[in-house]
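K.L.:
Next comes the structure file run.tsv, holding TSV, C-alpha atoms (C1' of nucleotides).
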chain	number	residue	atom	x	y	z
I	8	MET	CA	-14.70	16.92	12.00
I	9	LYS	CA	-11.29	17.18	10.38
I	10	ILE	CA	-10.09	14.04	8.63
I	11	ALA	CA	-6.73	13.52	6.93
I	12	THR	CA	-4.57	11.04	5.07
I	13	TRP	CA	-0.80	10.67	5.00
I	14	ASN	CA	1.53	8.09	3.51
I	15	VAL	CA	4.35	8.24	6.07
I	16	ASN	CA	6.79	5.80	4.38
I	17	SER	CA	7.72	4.00	7.63
I	18	LEU	CA	5.95	4.88	10.86
I	19	LYS	CA	9.10	3.93	12.76
I	20	VAL	CA	11.13	6.63	11.03
I	21	ARG	CA	8.30	9.16	10.91
I	22	LEU	CA	6.72	8.73	14.36
I	23	GLN	CA	7.93	12.09	15.63
I	24	HIS	CA	6.68	13.77	12.43
I	25	VAL	CA	3.25	12.21	12.95
I	26	ILE	CA	3.16	13.30	16.61
I	27	ASP	CA	4.28	16.82	15.72
I	28	TRP	CA	1.77	17.08	12.88
I	29	LEU	CA	-1.11	15.82	15.01
I	30	GLY	CA	-0.23	18.44	17.60
I	31	GLU	CA	-0.32	21.21	15.00
I	32	SER	CA	-3.22	20.09	12.82
I	33	LYS	CA	-5.35	18.68	15.66
I	34	VAL	CA	-7.23	16.54	13.14
I	35	ASP	CA	-9.93	14.28	14.54
I	36	ALA	CA	-8.91	11.28	12.47
I	37	LEU	CA	-5.72	10.54	10.54
I	38	CYS	CA	-5.43	7.70	8.05
I	39	LEU	CA	-1.87	6.46	7.62
I	40	GLN	CA	-0.33	4.31	4.89
I	41	GLU	CA	2.99	2.51	4.46
I	42	LEU	CA	3.58	1.80	8.14
I	43	LYS	CA	6.23	-0.77	7.17
I	44	LEU	CA	6.04	-2.49	10.52
I	45	THR	CA	4.38	-5.50	12.13
I	46	ASP	CA	1.53	-5.06	14.61
I	47	ASP	CA	3.79	-5.88	17.57
I	48	LYS	CA	6.02	-2.91	16.63
I	49	TYR	CA	3.14	-0.44	16.30
I	50	PRO	CA	3.78	2.61	18.57
I	51	ARG	CA	0.33	2.48	20.12
I	52	ALA	CA	1.35	3.76	23.55
I	53	GLU	CA	3.34	6.73	22.20
I	54	LEU	CA	0.39	7.86	20.10
I	55	GLU	CA	-2.06	7.34	22.98
I	56	ALA	CA	0.16	9.50	25.17
I	57	HIS	CA	-0.47	12.27	22.62
I	58	GLY	CA	-4.22	11.78	22.67
I	59	TYR	CA	-4.81	9.43	19.75
I	60	ARG	CA	-6.05	5.84	19.73
I	61	SER	CA	-5.14	3.59	16.80
I	62	TRP	CA	-6.66	0.87	14.68
I	63	PHE	CA	-4.14	-0.72	12.36
I	64	ALA	CA	-3.19	-3.58	10.07
I	65	GLY	CA	0.55	-3.99	9.73
I	66	GLN	CA	2.99	-6.32	8.01
I	67	LYS	CA	6.74	-6.75	7.79
I	68	THR	CA	8.72	-4.37	5.56
I	69	TYR	CA	5.92	-3.26	3.22
I	70	ASN	CA	2.45	-1.71	3.25
I	71	GLY	CA	0.50	-1.42	6.50
I	72	VAL	CA	-2.36	1.03	7.23
I	73	ALA	CA	-3.87	2.67	10.28
I	74	ILE	CA	-6.61	5.00	11.47
I	75	LEU	CA	-5.74	7.34	14.36
I	76	VAL	CA	-8.64	8.84	16.26
I	77	ARG	CA	-8.53	11.73	18.70
I	78	ASP	CA	-9.70	11.03	22.25
I	79	GLY	CA	-13.35	11.82	22.73
I	80	LEU	CA	-14.55	10.58	19.35
I	81	ASP	CA	-16.73	7.53	19.26
I	82	VAL	CA	-15.35	4.48	17.41
I	83	ASP	CA	-17.34	1.32	16.83
I	84	ASP	CA	-14.87	-1.50	17.49
I	85	VAL	CA	-17.19	-4.21	16.24
I	86	THR	CA	-17.38	-2.89	12.69
I	87	VAL	CA	-13.65	-2.40	12.09
I	88	VAL	CA	-12.69	-4.18	8.86
I	89	ARG	CA	-9.19	-5.13	7.68
I	90	ASN	CA	-8.60	-5.85	3.99
I	91	ILE	CA	-11.23	-5.97	1.27
I	92	PRO	CA	-13.76	-8.64	2.27
I	93	GLY	CA	-13.66	-11.54	-0.18
I	94	PHE	CA	-10.40	-10.43	-1.79
I	95	GLU	CA	-7.56	-12.78	-0.86
I	96	ASP	CA	-4.55	-10.60	-0.13
I	97	LEU	CA	-1.49	-11.08	2.06
I	98	GLN	CA	-0.69	-7.38	1.68
I	99	GLN	CA	-2.15	-5.13	4.37
I	100	ARG	CA	-3.61	-2.22	2.40
I	101	VAL	CA	-7.04	-1.46	3.85
I	102	ILE	CA	-8.60	-0.72	7.21
I	103	ALA	CA	-12.08	0.70	7.77
I	104	ALA	CA	-13.70	2.05	10.91
I	105	THR	CA	-16.75	4.09	11.85
I	106	VAL	CA	-15.62	7.25	13.62
I	107	GLY	CA	-18.12	9.74	14.98
I	108	GLY	CA	-20.77	8.26	12.71
I	109	VAL	CA	-18.63	8.51	9.56
I	110	ARG	CA	-17.24	5.43	7.83
I	111	LEU	CA	-13.53	5.99	7.18
I	112	VAL	CA	-11.52	3.77	4.85
I	113	SER	CA	-7.72	4.11	4.99
I	114	ALA	CA	-6.32	2.61	1.81
I	115	TYR	CA	-2.90	2.08	0.31
I	116	PHE	CA	-3.56	1.34	-3.35
I	117	PRO	CA	-0.98	-0.87	-5.09
I	118	ASN	CA	1.79	0.95	-6.90
I	119	GLY	CA	1.54	-1.11	-10.06
I	120	GLN	CA	5.19	-0.73	-11.12
I	121	ALA	CA	4.46	-0.32	-14.86
I	122	PRO	CA	1.63	-1.10	-17.29
I	123	GLY	CA	1.88	-4.65	-18.56
I	124	THR	CA	3.60	-6.06	-15.49
I	125	GLU	CA	2.24	-8.62	-13.03
I	126	LYS	CA	2.07	-5.93	-10.36
I	127	PHE	CA	0.01	-3.74	-12.67
I	128	ALA	CA	-2.45	-6.59	-13.18
I	129	TYR	CA	-2.65	-6.95	-9.39
I	130	LYS	CA	-3.33	-3.23	-9.10
I	131	LEU	CA	-6.24	-3.43	-11.55
I	132	ALA	CA	-7.67	-6.54	-9.86
I	133	TRP	CA	-7.35	-4.84	-6.48
I	134	LEU	CA	-9.13	-1.77	-7.88
I	135	ASP	CA	-11.95	-3.97	-9.21
I	136	ALA	CA	-12.37	-5.53	-5.76
I	137	MET	CA	-12.21	-2.13	-4.06
I	138	HIS	CA	-14.86	-0.72	-6.39
I	139	ASP	CA	-17.27	-3.58	-5.79
I	140	TRP	CA	-16.73	-3.57	-2.03
I	141	LEU	CA	-17.21	0.22	-1.80
I	142	ALA	CA	-20.48	-0.03	-3.71
I	143	GLN	CA	-21.75	-2.32	-0.95
I	144	GLU	CA	-20.07	-0.44	1.86
I	145	MET	CA	-21.73	2.77	0.74
I	146	GLN	CA	-25.15	1.11	1.02
I	147	GLN	CA	-24.39	0.08	4.58
I	148	TYR	CA	-22.61	3.32	5.52
I	149	PRO	CA	-23.99	6.19	3.41
I	150	LYS	CA	-21.59	8.66	5.06
I	151	LEU	CA	-18.33	7.22	3.79
I	152	ALA	CA	-14.89	8.71	3.12
I	153	LEU	CA	-12.14	6.93	1.19
I	154	LEU	CA	-8.79	8.36	2.22
I	155	GLY	CA	-5.38	7.23	1.11
I	156	ASP	CA	-2.53	6.90	-1.28
I	157	TYR	CA	-4.35	5.99	-4.50
I	158	ASN	CA	-1.20	5.78	-6.61
I	159	ILE	CA	-3.26	7.40	-9.36
I	160	ALA	CA	-3.02	10.98	-10.64
I	161	PRO	CA	-6.57	11.41	-11.95
I	162	GLU	CA	-5.98	14.18	-14.50
I	163	ASP	CA	-3.16	15.88	-16.36
I	164	ARG	CA	-3.39	18.88	-14.04
I	165	ASP	CA	-2.37	16.50	-11.24
I	166	VAL	CA	0.95	15.86	-12.99
I	167	HIS	CA	3.90	18.28	-13.10
I	168	ASP	CA	4.88	17.23	-16.62
I	169	PRO	CA	1.97	15.43	-18.31
I	170	LYS	CA	3.86	14.91	-21.56
I	171	ALA	CA	6.77	13.18	-19.86
I	172	TRP	CA	4.37	11.03	-17.85
I	173	GLU	CA	1.94	10.16	-20.65
I	174	GLY	CA	0.96	6.50	-20.49
I	175	GLN	CA	3.24	5.80	-17.52
I	176	ASN	CA	2.36	4.05	-14.31
I	177	LEU	CA	0.18	6.21	-12.01
I	178	VAL	CA	-1.34	8.15	-14.93
I	179	SER	CA	-2.16	5.43	-17.49
I	180	PRO	CA	-5.65	5.34	-19.08
I	181	GLU	CA	-6.43	2.04	-17.33
I	182	GLU	CA	-5.70	3.50	-13.90
I	183	ARG	CA	-7.58	6.73	-14.61
I	184	ALA	CA	-10.56	4.69	-15.83
I	185	GLN	CA	-10.53	2.89	-12.47
I	186	PHE	CA	-10.51	6.23	-10.65
I	187	GLU	CA	-13.47	7.31	-12.79
I	188	ARG	CA	-15.32	4.12	-11.87
I	189	LEU	CA	-15.07	5.20	-8.23
I	190	ILE	CA	-16.36	8.64	-9.19
I	191	ALA	CA	-19.22	6.92	-11.01
I	192	LEU	CA	-20.29	5.42	-7.67
I	193	GLY	CA	-21.07	9.00	-6.66
I	194	PHE	CA	-17.82	9.84	-4.86
I	195	VAL	CA	-16.52	13.39	-5.09
I	196	ASP	CA	-12.85	14.40	-5.00
I	197	SER	CA	-12.69	16.73	-1.97
I	198	TYR	CA	-9.73	18.68	-3.27
I	199	ARG	CA	-11.45	19.59	-6.54
I	200	GLN	CA	-14.56	20.94	-4.86
I	201	PHE	CA	-12.72	24.24	-4.38
I	202	GLU	CA	-10.59	26.66	-6.33
I	203	GLN	CA	-7.02	25.47	-5.88
I	204	PRO	CA	-3.65	26.81	-6.94
I	205	GLU	CA	-2.12	25.24	-10.03
I	206	LYS	CA	0.60	22.61	-9.73
I	207	THR	CA	-0.39	21.31	-6.32
I	208	PHE	CA	0.84	17.84	-5.57
I	209	THR	CA	1.02	15.36	-2.69
I	210	TRP	CA	4.10	13.37	-3.66
I	211	TRP	CA	7.57	14.32	-4.88
I	212	ASP	CA	10.36	11.89	-5.70
I	213	TYR	CA	13.26	11.91	-3.26
I	214	ARG	CA	15.60	12.13	-6.25
I	215	MET	CA	16.61	14.99	-8.51
I	216	PHE	CA	15.54	17.74	-6.12
I	217	ALA	CA	11.98	16.97	-7.18
I	218	PHE	CA	10.40	18.82	-4.25
I	219	ARG	CA	12.52	21.91	-4.79
I	220	ARG	CA	11.49	21.86	-8.47
I	221	ASN	CA	7.88	21.04	-7.54
I	222	ALA	CA	8.13	18.03	-9.85
I	223	GLY	CA	5.32	16.10	-8.20
I	224	LEU	CA	2.06	14.25	-8.61
I	225	ARG	CA	-1.28	14.48	-6.83
I	226	ILE	CA	-1.89	10.85	-5.93
I	227	ASP	CA	-3.23	11.09	-2.35
I	228	HIS	CA	-6.94	11.77	-2.22
I	229	ILE	CA	-10.02	12.06	-0.04
I	230	LEU	CA	-13.17	10.89	-1.82
I	231	LEU	CA	-16.54	11.52	-0.14
I	232	SER	CA	-19.77	9.63	-0.68
I	233	PRO	CA	-22.81	11.58	-1.96
I	234	GLU	CA	-24.32	11.61	1.54
I	235	LEU	CA	-21.14	13.02	3.07
I	236	ALA	CA	-20.02	15.44	0.35
I	237	PRO	CA	-22.47	18.25	1.30
I	238	SER	CA	-20.69	18.46	4.69
I	239	LEU	CA	-17.38	19.40	3.10
I	240	VAL	CA	-16.15	22.82	4.24
I	241	SER	CA	-12.57	22.83	2.96
I	242	CYS	CA	-9.82	20.61	1.63
I	243	GLU	CA	-6.12	21.34	1.54
I	244	ILE	CA	-2.73	19.78	1.01
I	245	ASP	CA	-0.25	20.58	3.79
I	246	LYS	CA	3.17	20.85	2.16
I	247	VAL	CA	4.93	21.80	5.37
I	248	PRO	CA	5.91	18.29	6.59
I	249	ARG	CA	7.61	17.64	3.24
I	250	LYS	CA	10.08	20.39	4.22
I	251	TRP	CA	10.97	18.82	7.55
I	252	GLU	CA	14.22	16.94	8.06
I	253	GLN	CA	14.12	13.34	6.77
I	254	PRO	CA	10.56	13.71	5.41
I	255	SER	CA	8.14	11.24	3.93
I	256	ASP	CA	7.96	11.62	0.16
I	257	HIS	CA	4.19	12.19	0.59
I	258	THR	CA	2.49	15.04	2.43
I	259	PRO	CA	-0.87	15.11	4.25
I	260	VAL	CA	-4.25	15.98	2.75
I	261	ILE	CA	-6.95	17.32	5.08
I	262	ALA	CA	-10.72	17.63	4.66
I	263	ASP	CA	-12.86	19.60	7.08
I	264	LEU	CA	-16.43	18.34	7.46
I	265	ASN	CA	-19.33	20.12	9.11
I	266	LEU	CA	-21.52	17.18	10.04
I	267	ALA	CA	-24.22	19.37	11.55
I	268	ALA	CA	-24.91	20.84	8.12
D	11	DA	C1'	20.74	10.38	-19.66
D	12	DT	C1'	16.41	4.36	-17.62
D	13	DG	C1'	20.19	7.15	-13.14
D	14	DG	C1'	19.28	9.93	-9.19
D	15	DC	C1'	16.94	8.64	-3.18
D	16	DC	C1'	14.97	6.34	0.82
D	17	DT	C1'	13.52	2.22	3.75
D	18	DT	C1'	13.79	-2.42	5.00
D	19	DG	C1'	16.11	-6.79	5.92
D	20	DT	C1'	19.93	-8.80	5.19
D	21	DG	C1'	24.68	-9.42	5.11
D	22	DG	C1'	28.71	-6.48	2.50
D	23	DC	C1'	23.68	-6.04	-1.47
D	24	DA	C1'	18.66	-6.40	-3.44
D	25	DA	C1'	13.79	-5.25	-3.65
D	26	DG	C1'	10.29	-1.95	-3.74
D	27	DG	C1'	8.56	2.36	-4.07
D	28	DA	C1'	6.32	6.20	-7.60
Now, as a test, write the supplied structure out as structure tokens.
P.N.:
Amino acid sequence: MKIATWNVNSLKVRLQHVIDWLGESKVDALCLQELKLTDDKYPRAELEAHGYRSWFAGQKTYNGVAILVRDGLDVDDVTVVRNIPGFEDLQQRVIAATVGGVRLVSAYFPNGQAPGTEKFAYKLAWLDAMHDWLAQEMQQYPKLALLGDYNIAPEDRDVHDPKAWEGQNLVSPEERAQFERLIALGFVDSYRQFEQPEKTFTWWDYRMFAFRRNAGLRIDHILLSPELAPSLVSCEIDKVPRKWEQPSDHTPVIADLNLAA
DNA sequence: ATGGCCTTGTGGCAAGGA
């Protein structure tokens, strides 16, 4: 089973990119973030016409997440969860569904703006709630994958210029400590389970020719629970959609799982 | 060099993103 995550920065603008990418990658499940549309505007029919059903949680202008599932895979409708249970939040950042026996969580972690700000405090509180919920969720669903835009670059090698970024939002010690708390639950970072080229990122600023200069960050991740991690066959970042016309500033990450193993 | 670019919703710009 191939699973993937992609922050599309507006599903309205990027719908054709998503359809094209699904056609090429043929992933079984795709977690999307930053839909930036309300549920009534969700392009359900267009995606179904291309062989993918959707579960989503949208909102106006900001945030919004979805899980797209290829026809033929079993999805348990009853256990779909939107938002972090018990965490009051008007922002739509989380949706979870069980797909082909694997619990998938599509998450758009808060940006945080800058350390010391109100939004940064919200990010840390959100991360606390996510950590505690995942600890429970993993008990209930031992085969669990957390896919999304984490808005955290876990290590200096995930940053094009660690000195310039030191202490900044997305790389600060507080945020990295939160990432490590997830790892302490037993999660493994799919991408780092394999030899990877240096300077591989998932996001590049639209400004300053950042993509051309490869001035990016690796902030989109696929974490696998201990029960699921042994199934991991490969993990890669697909830079190609970032080269398309009018691209998202993020690019997809794919993990291939062999569930029979 | 604290900007640059993109999206949204609004209304002739501001907010948010990372």
K.L.:
Identify, on the basis of all atoms listed in the file, every residue whose closest approach to Trp140 of chain I does not exceed 9 Å; exclude the query and any residue fewer than 4 positions from it along the same chain; express the result as a ChimeraX atom specification.
P.N.:
/I:91-93,135-136,144-145
K.L.:
For atom CA of Arg225 of chain I and atom CA of Gly108 of chain I, determine how far apart the two atoms are, in Å to one decimal place.
P.N.:
28.3 Å
K.L.:
Where does chain I meet chain D within 8 Å, residue by residue, with the nearest atom pair and distance in Å to one decimal for each, counting only C-alpha atoms (C1' of nucleotides), listed by chain and rising number, as a tab-separated table?
P.N.:
residue	atom	partner	partner_atom	distance
I:Asn16	CA	D:DT17	C1'	7.6
I:Ser17	CA	D:DT17	C1'	7.2
I:Thr68	CA	D:DT18	C1'	5.5
I:Asn118	CA	D:DA28	C1'	7.0
I:Gln120	CA	D:DA28	C1'	7.9
I:Asn158	CA	D:DA28	C1'	7.6
I:Leu177	CA	D:DA28	C1'	7.6
I:Asp212	CA	D:DA28	C1'	7.2
I:Tyr213	CA	D:DC15	C1'	4.9
I:Arg214	CA	D:DC15	C1'	4.8
I:Met215	CA	D:DG14	C1'	5.8
K.L.:
Looking at I:Leu54, I:Met8, I:Val15, I:Leu230, which one is nearest to Ala267 of chain I, with distances taken over only C-alpha atoms?
P.N.:
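The closest residue to Ala267 of chain I is I:Met8.
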K.L.:
With all atoms listed in the file as the counted atoms, please give the residues lying no more than 12 Å from Pro180 of chain I, apart from itself and same-chain residues fewer than 3 positions off, as a PyMOL selection string.
P.N.:
chain I and resi 122+131+159-163+172-177+183-187
K.L.:
Could you please determine the separation between atom CA of Ala36 of chain I and atom CA of Val76 of chain I in Å, to one decimal place?
P.N.:
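Calculated distance between atom CA of Ala36 of chain I and atom CA of Val76 of chain I is 4.5 Å.
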K.L.:
Which of these, I:Arg188, I:His228, I:Lys250, I:Lys170, has the shortest distance to Val112 of chain I once you count only C-alpha atoms?
P.N.:
I:His228
K.L.:
Near Thr258 of chain I, within 6 Å and counting only C-alpha atoms (C1' of nucleotides), which residues show up once chain neighbours fewer than 6 positions away are dropped, as a ChimeraX atom specification?
P.N.:
/I:209,246,249
K.L.:
Name the residues, using the chain letters and numbers of the file, that sit within 10 Å of (-17.9, 14.4, -2.6) when counting all atoms listed in the file, and give them as a count of residues only.
P.N.:
22
K.L.:
Could you check the closest approach to Arg21 of chain I for each of I:Glu41, I:Asp35, I:Asp263, I:Glu125 and tell me which residue wins, using all atoms listed in the file?
P.N.:
I:Glu41
K.L.:
Using only C-alpha atoms (C1' of nucleotides) - which residues lie no farther than 8 Å from the point (-4.8, 17.9, 7.4) in the file's frame? Write them as a list of chain:residue names.
P.N.:
I:Lys9, I:Ile10, I:Ala11, I:Thr12, I:Ser32, I:Val34, I:Glu243, I:Ile244, I:Asp245, I:Pro259, I:Val260, I:Ile261, I:Ala262
K.L.:
What is the atom CA of Val25 of chain I to atom CA of Gln203 of chain I distance in Å?
P.N.:
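If I compute the distance from atom CA of Val25 of chain I to atom CA of Gln203 of chain I, I get 25.2 Å.
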K.L.:
Can you sort out segment 153-165 of chain I so it carries N, CA and C atoms, written as a PDB file, in the coordinates of the input?
P.N.:
ATOM      1  N   LEU I 153     -13.247   7.790   1.608  1.00  0.00           N
ATOM      2  CA  LEU I 153     -12.140   6.930   1.190  1.00  0.00           C
ATOM      3  C   LEU I 153     -10.876   7.773   1.128  1.00  0.00           C
ATOM      4  N   LEU I 154      -9.999   7.546   2.113  1.00  0.00           N
ATOM      5  CA  LEU I 154      -8.790   8.360   2.220  1.00  0.00           C
ATOM      6  C   LEU I 154      -7.566   7.486   1.982  1.00  0.00           C
ATOM      7  N   GLY I 155      -6.593   8.025   1.253  1.00  0.00           N
ATOM      8  CA  GLY I 155      -5.380   7.230   1.110  1.00  0.00           C
ATOM      9  C   GLY I 155      -4.467   7.647  -0.002  1.00  0.00           C
ATOM     10  N   ASP I 156      -3.466   6.778  -0.168  1.00  0.00           N
ATOM     11  CA  ASP I 156      -2.530   6.900  -1.280  1.00  0.00           C
ATOM     12  C   ASP I 156      -3.082   6.043  -2.407  1.00  0.00           C
ATOM     13  N   TYR I 157      -3.682   6.710  -3.402  1.00  0.00           N
ATOM     14  CA  TYR I 157      -4.350   5.990  -4.500  1.00  0.00           C
ATOM     15  C   TYR I 157      -3.344   5.512  -5.553  1.00  0.00           C
ATOM     16  N   ASN I 158      -2.164   6.077  -5.551  1.00  0.00           N
ATOM     17  CA  ASN I 158      -1.200   5.780  -6.610  1.00  0.00           C
ATOM     18  C   ASN I 158      -1.805   5.983  -7.997  1.00  0.00           C
ATOM     19  N   ILE I 159      -2.684   6.990  -8.081  1.00  0.00           N
ATOM     20  CA  ILE I 159      -3.260   7.400  -9.360  1.00  0.00           C
ATOM     21  C   ILE I 159      -3.360   8.929  -9.368  1.00  0.00           C
ATOM     22  N   ALA I 160      -2.822   9.548 -10.409  1.00  0.00           N
ATOM     23  CA  ALA I 160      -3.020  10.980 -10.640  1.00  0.00           C
ATOM     24  C   ALA I 160      -4.194  11.087 -11.623  1.00  0.00           C
ATOM     25  N   PRO I 161      -5.349  11.553 -11.150  1.00  0.00           N
ATOM     26  CA  PRO I 161      -6.570  11.410 -11.950  1.00  0.00           C
ATOM     27  C   PRO I 161      -6.578  12.177 -13.274  1.00  0.00           C
ATOM     28  N   GLU I 162      -5.932  13.347 -13.299  1.00  0.00           N
ATOM     29  CA  GLU I 162      -5.980  14.180 -14.500  1.00  0.00           C
ATOM     30  C   GLU I 162      -4.600  14.763 -14.779  1.00  0.00           C
ATOM     31  N   ASP I 163      -4.447  15.302 -15.985  1.00  0.00           N
ATOM     32  CA  ASP I 163      -3.160  15.880 -16.360  1.00  0.00           C
ATOM     33  C   ASP I 163      -2.755  17.046 -15.442  1.00  0.00           C
ATOM     34  N   ARG I 164      -3.742  17.763 -14.935  1.00  0.00           N
ATOM     35  CA  ARG I 164      -3.390  18.880 -14.040  1.00  0.00           C
ATOM     36  C   ARG I 164      -2.853  18.383 -12.685  1.00  0.00           C
ATOM     37  N   ASP I 165      -2.933  17.095 -12.456  1.00  0.00           N
ATOM     38  CA  ASP I 165      -2.370  16.500 -11.240  1.00  0.00           C
ATOM     39  C   ASP I 165      -0.950  15.997 -11.458  1.00  0.00           C
TER      40      ASP I 165
END
